[in-house]
Amino acid sequence: MSMEGADSGFAASADGSQNQSPSPRKSPPSPPDHEEKTTHIKFLLSNAEAGSVIGKGGSTINDFQTQSGARIQLSRNFEFFPGTSDRIVMVSGLIDDVLKAVDLILSKLLDEFYVEEGGEDPRFKVRLVVPNGCCGGIIGKGGSIIKSLIEDSHAGIKISPLDNSYPGLYDRLVTVNGTLREQMRAIELILLKLAEDLHYVQSVSAPFPYPVVGYNGMNYASNGVGGKFQNARSQNKEERSNSVTIGVADEHIGLVVGRGGRNIFEISQLSGARIKISERGDFMSGTSDRKVTITGSQRAIRAAEAMISQKVSPVSER
């Protein structure tokens with residue numbers, strides 16, 4: 001899935017937030033004694049927080065990239081971490097540059113969403129996205145490493161169990177709770193551990209690996225992909241993006257979606273296609289069939305159609 005960087009259009013996301021300067025509350029920058037390694041970190045933002053980070057016309061995200069030297073990318077406004085309505089921000093570059101960019105982002109969010117006039121530094125949460133296979137390096141034997149991270153940073157650190165509700169989801173959420181200074185220390189320690197993990201370093205090649213499907217949690221009908229999916233750089237006709245709409249009987253649409261959207265997520269994951277289902281009452285002309293729009297390469301569309309047919313045909317033939 002493509003992600004929006006500073007050179008992308010932000011029309012769908014920019015909310016007119018002003019490009020405020022970083023807070024004086026900001027934690028001090030990390031000392032430049034880390035090994036010159038490139039790395040990345042992903043964490044979740046609400047749509048409102050994402051709009052704040054992007055800024056009007058992309059001004060804030062451009063400014064943060066210039067100040068830090070890191071690259072900042074955001075999933076699009078319909079690309080959510082599975083099971084949430086939160087977008088993903090990925091910051092990549094040298095370790096110190098990444099930490100500087102994260103500090104700028106969290107400082108801005110702290111000012112806009114958490115600070116009250118005259119109040120003390122509040123404690124708030126940031127949820128990091130970490131591959132399941134890398135979490136052991138943060139936990140340690142008998143929890144020894146995570147205990148030391150908590151003691152060093154004074155932040156609360158909790159690692160969620162892997163959610164098996166979504167086929168193809170291999171990431172866990174690491175929630176860091178504390179003041180900005182405590183969070184930044186914890187994030188620095190976690191990032192240094194992850195930077196030693198070859199699997200984590202290689203995972204940067206897929207900044208938004210989750211398939212976009214026409215649902216958000218249980219509310220799959222009202223949060224479809226929308227708009228056109230374009231891949232103008234593709235030269236191969238077989239791989240060029242197309243869109244096909246098929247009809248599925250209204251009473252059978254639940255078989256395509258599955259409980260909590262699991263079936264449609266799995267179909268999209270396995271086929272590589274994006275799938276959107278029309279609202280209730282929005283039927284193919286002259287029928288009572290719901291519209292199922294499949295977008296992707298011809299190969300992906302054919303695979304998705306076959307899988308949808310497999311879900312529906314046993315019931316249709318009765």
# chains A, B, ... in the order shown; residues from 1 in each chain; ligands from 1
$ select_by_dssp --residues "segment 149-191 of chain A" --states "strand (DSSP E or B)" --output "PyMOL selection string"
chain A and resi 156-159+171-178
$ residues_around --residues "Thr295 of chain A" --least-positions-apart "5" --cutoff "9 Å" --atoms "only C-alpha atoms" --output "list in words"
Lys228, Phe229, Ser241, Asn242, Ser243, Val244, Thr245, Ala273, Arg274, Ile275, Lys276, Ala300 and Ile301 of chain A
$ closest_residue --among "A:Leu94, A:Cys134, A:Val126, A:Ala303" --to "Gln202 of chain A" --atoms "only C-alpha atoms"
A:Cys134
$ closest_residue --among "A:Gly51, A:Pro314, A:Gly142, A:Gly137" --to "Arg76 of chain A" --atoms "only C-alpha atoms"
A:Gly51
$ atom_distance --atom1 "atom CA of Glu112 of chain A" --atom2 "atom CA of Ile54 of chain A"
13.4 Å
